[in-house]
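Enquirer: Input file: target-v6.txt. Contents: compact mmCIF, C-alpha atoms.
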# COMPACT_ATOMS: atom_id res chain seq x y z
CA MET A 8 -29.18 -37.12 2.41
CA ILE A 9 -29.56 -35.85 -1.17
CA ARG A 10 -31.64 -38.94 -1.89
CA SER A 11 -33.94 -38.24 1.08
CA LEU A 12 -34.32 -34.66 -0.14
CA THR A 13 -35.30 -35.96 -3.59
CA VAL A 14 -37.85 -38.34 -2.09
CA CYS A 15 -39.20 -35.45 -0.02
CA THR A 16 -39.54 -33.33 -3.17
CA VAL A 17 -41.45 -36.04 -4.96
CA ILE A 18 -43.81 -36.51 -2.02
CA LEU A 19 -44.34 -32.77 -1.73
CA SER A 20 -44.99 -32.42 -5.46
CA ILE A 21 -47.62 -35.11 -5.41
CA HIS A 22 -49.45 -34.33 -2.19
CA ILE A 23 -49.13 -30.60 -1.73
CA PRO A 24 -50.88 -28.43 -4.27
CA THR A 25 -50.28 -25.12 -2.46
CA THR A 26 -48.45 -24.02 0.64
CA ALA A 27 -51.48 -22.09 1.93
CA GLN A 28 -53.44 -25.30 2.31
CA GLN A 29 -50.70 -26.77 4.45
CA SER A 30 -50.41 -23.97 7.02
CA LEU A 31 -51.25 -25.19 10.48
CA ARG A 32 -54.67 -24.30 11.83
CA ALA A 33 -55.22 -23.59 15.52
CA GLU A 34 -56.99 -26.93 15.79
CA ASP A 35 -53.88 -28.75 14.54
CA ILE A 36 -51.54 -27.35 17.17
CA PRO A 37 -50.50 -30.01 19.67
CA ILE A 38 -51.27 -28.83 23.19
CA SER A 39 -50.31 -30.70 26.29
CA ALA A 40 -50.88 -29.50 29.85
CA GLU A 41 -47.69 -31.27 30.91
CA ALA A 42 -45.61 -29.56 28.21
CA THR A 43 -47.07 -26.17 29.16
CA ALA A 44 -46.19 -26.74 32.84
CA GLN A 45 -42.64 -27.77 31.90
CA ALA A 46 -42.25 -24.69 29.68
CA LYS A 47 -43.34 -22.45 32.55
CA GLU A 48 -40.78 -24.12 34.83
CA PHE A 49 -38.07 -23.57 32.21
CA GLN A 50 -38.91 -19.85 32.13
CA LYS A 51 -38.06 -19.60 35.82
CA LEU A 52 -34.65 -21.22 35.36
CA LYS A 53 -31.74 -19.24 36.75
CA VAL A 54 -28.11 -20.31 36.75
CA ASP A 55 -25.28 -19.31 39.06
CA ARG A 56 -23.09 -16.66 37.46
CA ARG A 57 -19.96 -18.77 37.97
CA LEU A 58 -21.52 -21.58 35.95
CA VAL A 59 -22.44 -19.11 33.18
CA ASN A 60 -18.83 -17.92 33.07
CA LYS A 61 -17.64 -21.53 32.92
CA ARG A 62 -19.99 -22.24 30.02
CA TYR A 63 -18.78 -19.09 28.27
CA ARG A 64 -15.15 -20.23 28.60
CA LYS A 65 -16.06 -23.63 27.13
CA LEU A 66 -17.99 -21.97 24.30
CA THR A 67 -15.07 -19.76 23.32
CA LYS A 68 -12.46 -22.47 23.84
CA GLU A 69 -14.14 -25.12 21.71
CA LEU A 70 -15.46 -22.91 18.93
CA THR A 71 -13.73 -20.32 16.78
CA TRP A 72 -16.01 -17.28 16.83
CA HIS A 73 -15.50 -15.02 13.85
CA LYS A 74 -15.95 -11.34 14.57
CA LYS A 75 -16.30 -10.32 10.93
CA LEU A 76 -18.88 -11.81 8.60
CA ASP A 77 -16.43 -11.85 5.68
CA ASP A 78 -14.03 -13.98 7.73
CA ALA A 79 -16.83 -16.40 8.67
CA LEU A 80 -17.94 -16.66 5.02
CA GLY A 81 -14.33 -17.21 3.92
CA ALA A 82 -14.01 -20.08 6.40
CA ALA A 83 -17.39 -21.44 5.20
CA ARG A 84 -16.25 -21.44 1.57
CA GLN A 85 -13.23 -23.51 2.56
CA SER A 86 -15.08 -25.95 4.81
CA GLY A 87 -18.34 -26.11 2.80
CA LYS A 88 -20.32 -25.59 6.02
CA PRO A 89 -23.04 -22.98 6.53
CA VAL A 90 -22.44 -20.10 8.93
CA VAL A 91 -24.35 -19.51 12.15
CA TRP A 92 -24.11 -15.73 12.40
CA ILE A 93 -25.50 -14.25 15.61
CA HIS A 94 -26.59 -10.65 16.01
CA ALA A 95 -26.89 -9.85 19.69
CA LEU A 96 -26.99 -6.88 21.98
CA GLY A 97 -23.71 -6.97 23.87
CA LYS A 98 -20.81 -9.31 24.09
CA LEU A 99 -20.52 -13.04 23.75
CA THR A 100 -20.08 -13.21 27.53
CA GLY A 101 -23.75 -12.28 27.89
CA TYR A 102 -22.94 -8.84 29.28
CA VAL A 103 -23.37 -5.49 27.53
CA MET B 325 -25.63 -28.19 21.01
CA LEU B 326 -21.90 -27.50 21.13
CA PRO B 327 -20.89 -30.63 19.14
CA LEU B 328 -23.48 -29.77 16.46
CA LEU B 329 -22.13 -26.22 16.09
CA LYS B 330 -18.56 -27.49 16.13
CA SER B 331 -18.97 -30.19 13.53
CA ASP B 332 -21.48 -28.69 11.09
CA PHE B 333 -21.18 -24.89 11.18
CA GLU B 334 -18.84 -21.94 11.14
CA VAL B 335 -19.85 -19.49 13.87
CA GLY B 336 -19.69 -15.73 14.28
CA TRP B 337 -20.98 -12.97 16.53
CA PHE B 338 -21.90 -9.33 15.90
CA ASP B 339 -22.79 -6.74 18.57
CA ILE B 340 -25.91 -4.85 17.36
CA LYS B 341 -25.79 -2.19 20.04
CA ASN B 342 -26.15 0.60 17.48
CA GLU B 343 -28.73 -0.88 15.13
CA ASP B 344 -32.22 0.67 14.75
CA TYR B 345 -34.17 -2.46 15.54
CA THR B 346 -32.48 -3.09 18.89
CA GLY B 347 -34.48 -2.79 22.11
CA TYR B 348 -32.52 -1.48 25.08
CA SER B 349 -34.06 -3.30 27.97
CA SER B 350 -33.93 -2.97 31.73
CA GLY B 351 -33.32 -6.68 31.88
CA TYR B 352 -32.24 -8.64 34.91
CA GLY B 353 -29.23 -8.06 37.08
CA TYR B 354 -26.52 -10.68 37.01
CA ARG B 355 -24.70 -10.21 40.29
CA SER B 356 -25.21 -13.76 41.46
CA HIS B 357 -27.57 -15.62 39.14
CA CYS B 358 -28.44 -15.24 35.47
CA ALA B 359 -31.90 -15.88 34.05
CA VAL B 360 -31.37 -18.44 31.31
CA GLY B 361 -34.87 -19.76 30.71
CA THR B 362 -37.38 -17.89 28.60
CA THR B 363 -39.77 -18.50 25.74
CA ASN B 364 -38.67 -19.19 22.17
CA GLY B 365 -38.55 -15.96 20.19
CA ALA B 366 -38.42 -13.68 23.26
CA GLY B 367 -36.01 -10.76 22.88
CA ALA B 368 -36.36 -10.65 19.09
CA HIS B 369 -35.05 -7.11 18.90
CA ASN B 370 -31.92 -7.97 20.82
CA VAL B 371 -30.91 -11.33 19.38
CA GLN B 372 -31.14 -12.69 15.86
CA ILE B 373 -29.63 -15.99 14.76
CA PHE B 374 -28.96 -16.37 11.03
CA VAL B 375 -27.84 -19.43 9.15
CA LEU B 376 -26.08 -18.31 5.98
CA SER B 377 -24.73 -20.18 3.01
CA PRO B 378 -21.07 -19.54 2.16
CA ASP B 379 -22.28 -17.27 -0.68
CA LYS B 380 -24.15 -15.08 1.85
CA VAL B 381 -27.72 -16.22 1.29
CA VAL B 382 -30.05 -16.51 4.30
CA LEU B 383 -30.96 -20.17 4.68
CA HIS B 384 -32.84 -19.69 7.93
CA ALA B 385 -33.25 -17.08 10.65
CA LEU B 386 -34.49 -17.12 14.22
CA PRO B 387 -35.43 -14.04 16.20
CA GLY B 388 -34.70 -13.93 19.94
CA PHE B 389 -33.68 -16.67 22.34
CA TRP B 390 -34.41 -20.36 21.73
CA ALA B 391 -34.36 -23.33 24.07
CA PRO B 392 -31.35 -25.58 23.25
CA GLU B 393 -33.39 -28.54 21.97
CA ASP B 394 -35.49 -26.28 19.72
CA LEU B 395 -32.44 -24.42 18.46
CA ALA B 396 -30.74 -27.72 17.62
CA ARG B 397 -33.78 -28.85 15.62
CA GLU B 398 -33.87 -25.53 13.74
CA LEU B 399 -30.15 -25.82 12.92
CA ARG B 400 -30.63 -29.34 11.60
CA PHE B 401 -33.51 -28.00 9.51
CA ALA B 402 -31.21 -25.26 8.19
CA LYS B 403 -28.78 -27.96 7.05
CA VAL B 404 -31.56 -29.44 4.88
CA LEU B 405 -32.13 -26.00 3.38
CA HIS B 406 -28.41 -25.69 2.75
CA ARG B 407 -28.40 -28.96 0.80
CA LEU B 408 -31.36 -27.69 -1.21
CA TRP B 409 -29.51 -24.46 -1.97
CA GLN B 410 -26.47 -26.44 -3.14
CA ASP B 411 -28.52 -28.72 -5.40
CA ASP B 412 -27.36 -28.07 -8.97
CA ASN B 413 -30.21 -30.06 -10.51
CA ARG B 414 -32.86 -27.46 -9.61
CA THR B 415 -33.49 -24.00 -10.96
CA LEU B 416 -33.65 -21.04 -8.60
CA ALA B 417 -37.45 -20.93 -8.97
CA GLN B 418 -37.73 -24.62 -8.09
CA LYS B 419 -35.47 -24.17 -5.08
CA ARG B 420 -37.51 -21.23 -3.83
CA ASP B 421 -40.77 -23.11 -4.28
CA MET B 422 -39.37 -26.08 -2.37
CA TYR B 423 -38.05 -23.74 0.30
CA ARG B 424 -41.52 -22.22 0.85
CA ARG B 425 -43.04 -25.67 1.19
CA LEU B 426 -40.42 -26.91 3.62
CA GLN B 427 -40.73 -23.81 5.79
CA THR B 428 -44.53 -24.04 5.80
CA LEU B 429 -44.49 -27.72 6.68
CA GLU B 430 -41.77 -27.64 9.33
CA PRO B 431 -43.96 -26.65 12.35
CA ARG B 432 -45.93 -29.85 11.75
CA ASN B 433 -42.82 -31.73 12.94
CA HIS B 434 -42.63 -29.77 16.18
CA PRO B 435 -43.72 -31.54 19.36
CA ALA B 436 -46.16 -30.10 21.93
CA ALA B 437 -43.17 -29.12 24.10
CA THR B 438 -41.83 -26.81 21.37
CA PHE B 439 -45.22 -25.15 20.94
CA ALA B 440 -45.45 -24.70 24.71
CA ARG B 441 -41.99 -23.11 24.78
CA SER B 442 -43.02 -20.82 21.91
CA ALA B 443 -45.79 -19.06 23.81
CA TRP B 444 -46.05 -15.28 23.81
CA GLN B 445 -44.95 -13.17 26.77
CA PRO B 446 -48.01 -11.30 28.18
CA PHE B 447 -46.47 -7.85 27.53
CA ASP B 448 -45.82 -8.79 23.90
CA VAL B 449 -49.44 -9.90 23.57
CA SER B 450 -50.69 -6.51 24.79
CA ALA B 451 -48.32 -4.71 22.42
CA GLU B 452 -49.69 -6.75 19.51
CA ARG B 453 -53.29 -6.07 20.50
CA GLY B 454 -52.50 -2.36 20.48
CA ARG B 455 -51.30 -2.38 16.86
CA HIS B 456 -53.93 -0.80 14.60
CA GLU B 457 -52.89 -2.51 11.41
CA GLU B 458 -53.14 -5.83 9.63
CA ARG B 459 -50.94 -8.32 11.50
CA ASP B 460 -49.70 -11.82 10.72
CA THR B 461 -49.52 -12.71 14.42
CA ALA B 462 -53.15 -13.82 14.80
CA LEU B 463 -54.38 -17.31 14.12
CA GLN B 464 -58.06 -17.64 13.35
CA VAL B 465 -59.87 -20.24 15.42
CA ASP B 466 -62.77 -22.27 14.21
CA THR B 467 -64.13 -22.60 17.76
CA PRO B 468 -67.13 -24.86 17.05
CA ALA B 469 -64.81 -27.41 15.49
CA MET B 470 -62.64 -27.62 18.59
CA SER B 471 -63.10 -30.28 21.14
CA ASP B 472 -64.06 -29.21 24.68
CA ASN B 473 -60.72 -30.47 25.90
CA LEU B 474 -58.75 -28.28 23.50
CA ALA B 475 -60.88 -25.22 24.22
CA GLY B 476 -60.30 -25.75 27.97
CA LEU B 477 -56.56 -26.00 27.50
CA LEU B 478 -56.56 -22.87 25.34
CA ARG B 479 -58.26 -20.91 28.08
CA LYS B 480 -55.82 -22.14 30.72
CA SER B 481 -52.69 -21.77 28.64
CA SER B 482 -51.09 -18.38 28.13
CA MET B 483 -49.59 -20.03 25.05
CA MET B 484 -52.78 -19.32 23.15
CA ALA B 485 -53.73 -15.85 24.39
CA VAL B 486 -56.67 -14.32 22.61
CA HIS B 487 -55.73 -11.90 19.85
CA ARG B 488 -58.08 -8.91 19.86
CA GLY B 489 -61.11 -11.17 20.18
CA GLN B 490 -60.61 -12.54 16.67
CA GLY B 491 -58.43 -15.53 17.25
CA VAL B 492 -55.40 -16.62 19.23
CA MET B 493 -51.77 -15.58 19.13
CA LYS B 494 -49.84 -17.62 16.62
CA PRO B 495 -47.15 -19.60 18.50
CA LEU B 496 -43.77 -18.04 17.74
CA ASN B 497 -42.22 -21.20 16.27
CA MET B 498 -45.03 -21.11 13.70
CA LEU B 499 -44.80 -17.37 13.09
CA VAL B 500 -41.06 -17.63 12.41
CA HIS B 501 -41.46 -20.37 9.82
CA GLU B 502 -44.31 -18.48 8.13
CA ARG B 503 -42.21 -15.32 7.93
CA MET B 504 -39.26 -17.28 6.55
CA ALA B 505 -41.52 -18.99 3.98
CA VAL B 506 -42.01 -15.61 2.29
CA ARG B 507 -38.26 -14.93 2.32
CA PRO B 508 -36.95 -17.84 0.24
CA PHE B 509 -33.18 -17.78 -0.19
CA VAL B 510 -32.88 -14.01 0.19
CA PRO B 511 -29.35 -12.54 0.01
CA PHE B 512 -28.28 -11.45 3.49
CA ASP B 513 -27.75 -7.82 2.39
CA GLU B 514 -31.41 -7.65 1.25
CA PHE B 515 -32.90 -9.38 4.28
CA ASP B 516 -35.31 -6.99 6.07
CA ILE B 517 -34.30 -7.74 9.64
CA GLU B 518 -36.43 -4.93 11.07
CA LYS B 519 -39.64 -6.33 9.58
CA PHE B 520 -38.67 -9.88 10.38
CA VAL B 521 -38.35 -9.16 14.11
CA ASP B 522 -41.34 -6.83 14.23
CA TYR B 523 -43.58 -8.34 16.87
CA GLY B 524 -44.30 -7.69 20.52
CA ARG B 525 -42.77 -4.91 22.56
CA MET B 526 -39.78 -2.92 21.47
CA PHE B 527 -38.59 -2.60 25.07
CA TYR B 528 -38.82 -4.80 28.13
CA ASP B 529 -38.99 -2.55 31.18
CA LEU B 530 -39.20 -5.16 33.96
CA ASN B 531 -42.17 -3.19 35.35
CA LEU B 532 -39.92 -0.22 36.00
CA ARG B 533 -42.26 2.05 34.01
CA HIS B 534 -39.66 2.91 31.38
CA ARG B 535 -42.52 2.93 28.90
CA GLU B 536 -40.22 4.00 26.09
CA GLY B 537 -37.24 2.01 27.30
CA LYS B 538 -33.87 3.62 27.70
CA LYS B 539 -33.57 5.34 24.39
CA LEU B 540 -30.76 5.05 21.92
CA ALA B 541 -30.62 7.62 19.14
CA GLY B 542 -31.49 5.29 16.25
CA GLN B 543 -34.40 3.79 18.13
CA THR B 544 -36.02 7.15 18.86
CA ARG B 545 -36.15 7.77 15.10
CA LEU B 546 -37.71 4.36 14.53
CA MET B 547 -40.39 4.87 17.18
CA GLN B 548 -41.33 8.22 15.66
CA LYS B 549 -41.52 6.67 12.20
CA ARG B 550 -43.83 3.94 13.54
CA ARG B 551 -46.09 6.36 15.37
CA ILE B 552 -46.51 8.48 12.22
CA ALA B 553 -47.18 5.39 10.06
CA ALA B 554 -49.81 4.12 12.52
CA LYS B 555 -51.47 7.54 12.67
CA ASN B 556 -51.56 7.77 8.86
CA GLU B 557 -53.02 4.28 8.66
CA ARG B 558 -55.79 5.22 11.11
CA ILE B 559 -56.59 8.34 9.03
CA ARG B 560 -56.70 6.26 5.83
CA ALA B 561 -58.97 3.67 7.48
CA ARG B 562 -61.33 6.42 8.67
CA ARG B 563 -61.48 7.88 5.16
CA ARG B 564 -62.21 4.50 3.65
CA GLY B 565 -65.09 4.49 5.98
What's the structure tokens form of this structure?

Expert:
Amino acid sequence: MIRSLTVCTVILSIHIPTTAQQSLRAEDIPISAEATAQAKEFQKLKVDRRLVNKRYRKLTKELTWHKKLDDALGAARQSGKPVVWIHALGKLTGYV
Amino acid sequence: MLPLLKSDFEVGWFDIKNEDYTGYSSGYGYRSHCAVGTTNGAGAHNVQIFVLSPDKVVLHALPGFWAPEDLARELRFAKVLHRLWQDDNRTLAQKRDMYRRLQTLEPRNHPAATFARSAWQPFDVSAERGRHEERDTALQVDTPAMSDNLAGLLRKSSMMAVHRGQGVMKPLNMLVHERMAVRPFVPFDEFDIEKFVDYGRMFYDLNLRHREGKKLAGQTRLMQKRRIAAKNERIRARRRG
């Protein structure tokens, strides 16, 4: 992985003079009618509350959710993993 | 999604009920069914997902909700940024420069489906159009250079709503990476969350005409501050002529 990052750096150094030149333009954005239709379908998706509760139980059973950032960072220092720290309105159950 | 979180990350959760940047929304009821599908980046004031290094530096951040496949890609991208942050062979300046480039380039790897899922909600578009200030949410369009096919799709797709007649709304996946590109390896305590999530409507009223949402004390102060700043900006613009 470190090697691929190094290769990526070299490529970037050679081919990319400035970041501004590499920002996407509107013309570069991939647009597909099919993808747009699928995204609109996804927006309508609703799930039975019992299934949501089941998913919540799985989420809390399989993962250890730290309630304090210091605890999460302490665990990260031991494991060497980054922390996914979520700020959200309400509880992990999805309800306020 | 779950295996990725389990194997590669520590996870934590913080209730932001009392923070200034939170929008208290009417939302949907959840008696029988819960709405789970939305657009990427919707609800930015109510949900923020940070990926932090163990030494409390922001590697990546995502405002609002994200579709599982897009969230997974962003988390994998955050792992690349974590490796960059850990690289002892680079100076801080080199790491930050590399970070900016990676963030700027990343949307080029996103498929059409991600862009489609990163469309703006119509009420957020109108809120943005109503802002009388310089915004980073518009994307200039070189219309003559576009093919007829693309122009047709733009007109049909709410994904590319027109931004005050000057361009189109920047898809939110792109906006997020651009905003992160100017926040390279910022310590979490210095990360300006309020500015980072500043787009679209503060409140979602579900057409219940709660124009100001259901207010929380901190938010009332923030709204007043914004109104005064916008008014002052208009006065300054008028004076400039």

Enquirer: Report the distance between CA of Glu514 in chain B and CA of Leu31 in chain A in Å, rounded to one decimal place.

Expert: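 Going from CA of Glu514 in chain B over to CA of Leu31 in chain A, I get 28.0 Å.
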
Enquirer: For Lys88 in chain A, find every residue with an atom within 8 Å (counting all atoms listed in the file), except residues of its own chain fewer than 5 positions away, and show them as a list in words.

Expert: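 The neighbour list is Ala83 of chain A; Asp332, Phe333, Glu334, Ser377 and Pro378 of chain B.
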
Enquirer: Kindly provide, as an NGL selection string, the residues of chain A having any atom no farther than 8 Å from an atom of chain B, counting only C-alpha atoms.

Expert: :A and (9 or 12 or 16 or 19 or 26 or 29-34 or 36-40 or 42-43 or 45-47 or 49-56 or 59 or 66 or 69-76 or 79-84 or 87-99)

Enquirer: Just to confirm, what's the straight-line distance from CA of Tyr523 in chain B to CA of Arg459 in chain B in Å (one decimal)?

Expert: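 One can read the CA of Tyr523 in chain B to CA of Arg459 in chain B distance as 9.1 Å.
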
Enquirer: For each of B:Arg550, B:His501, B:Arg455, B:Arg397, take the minimum atom-to-atom distance to Tyr423 in chain B, counting only C-alpha atoms, then give the residue where this is smallest.

Expert: B:His501

Enquirer: In Å, rounded to a single decimal, give me how far CA of Asp394 in chain B is from CA of Asp522 in chain B.

Expert: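 Atom-to-atom, CA of Asp522 in chain B and CA of Asp394 in chain B are spaced 21.0 Å apart.
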
Enquirer: Can you tell me, as a list in words, what residues are no more than 8 Å from Ala396 in chain B when counting only C-alpha atoms, ignoring any on the same chain fewer than 3 positions away?

Expert: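 The residues that qualify are Met325, Leu328, Pro392, Glu393, Leu399 and Arg400 of chain B.
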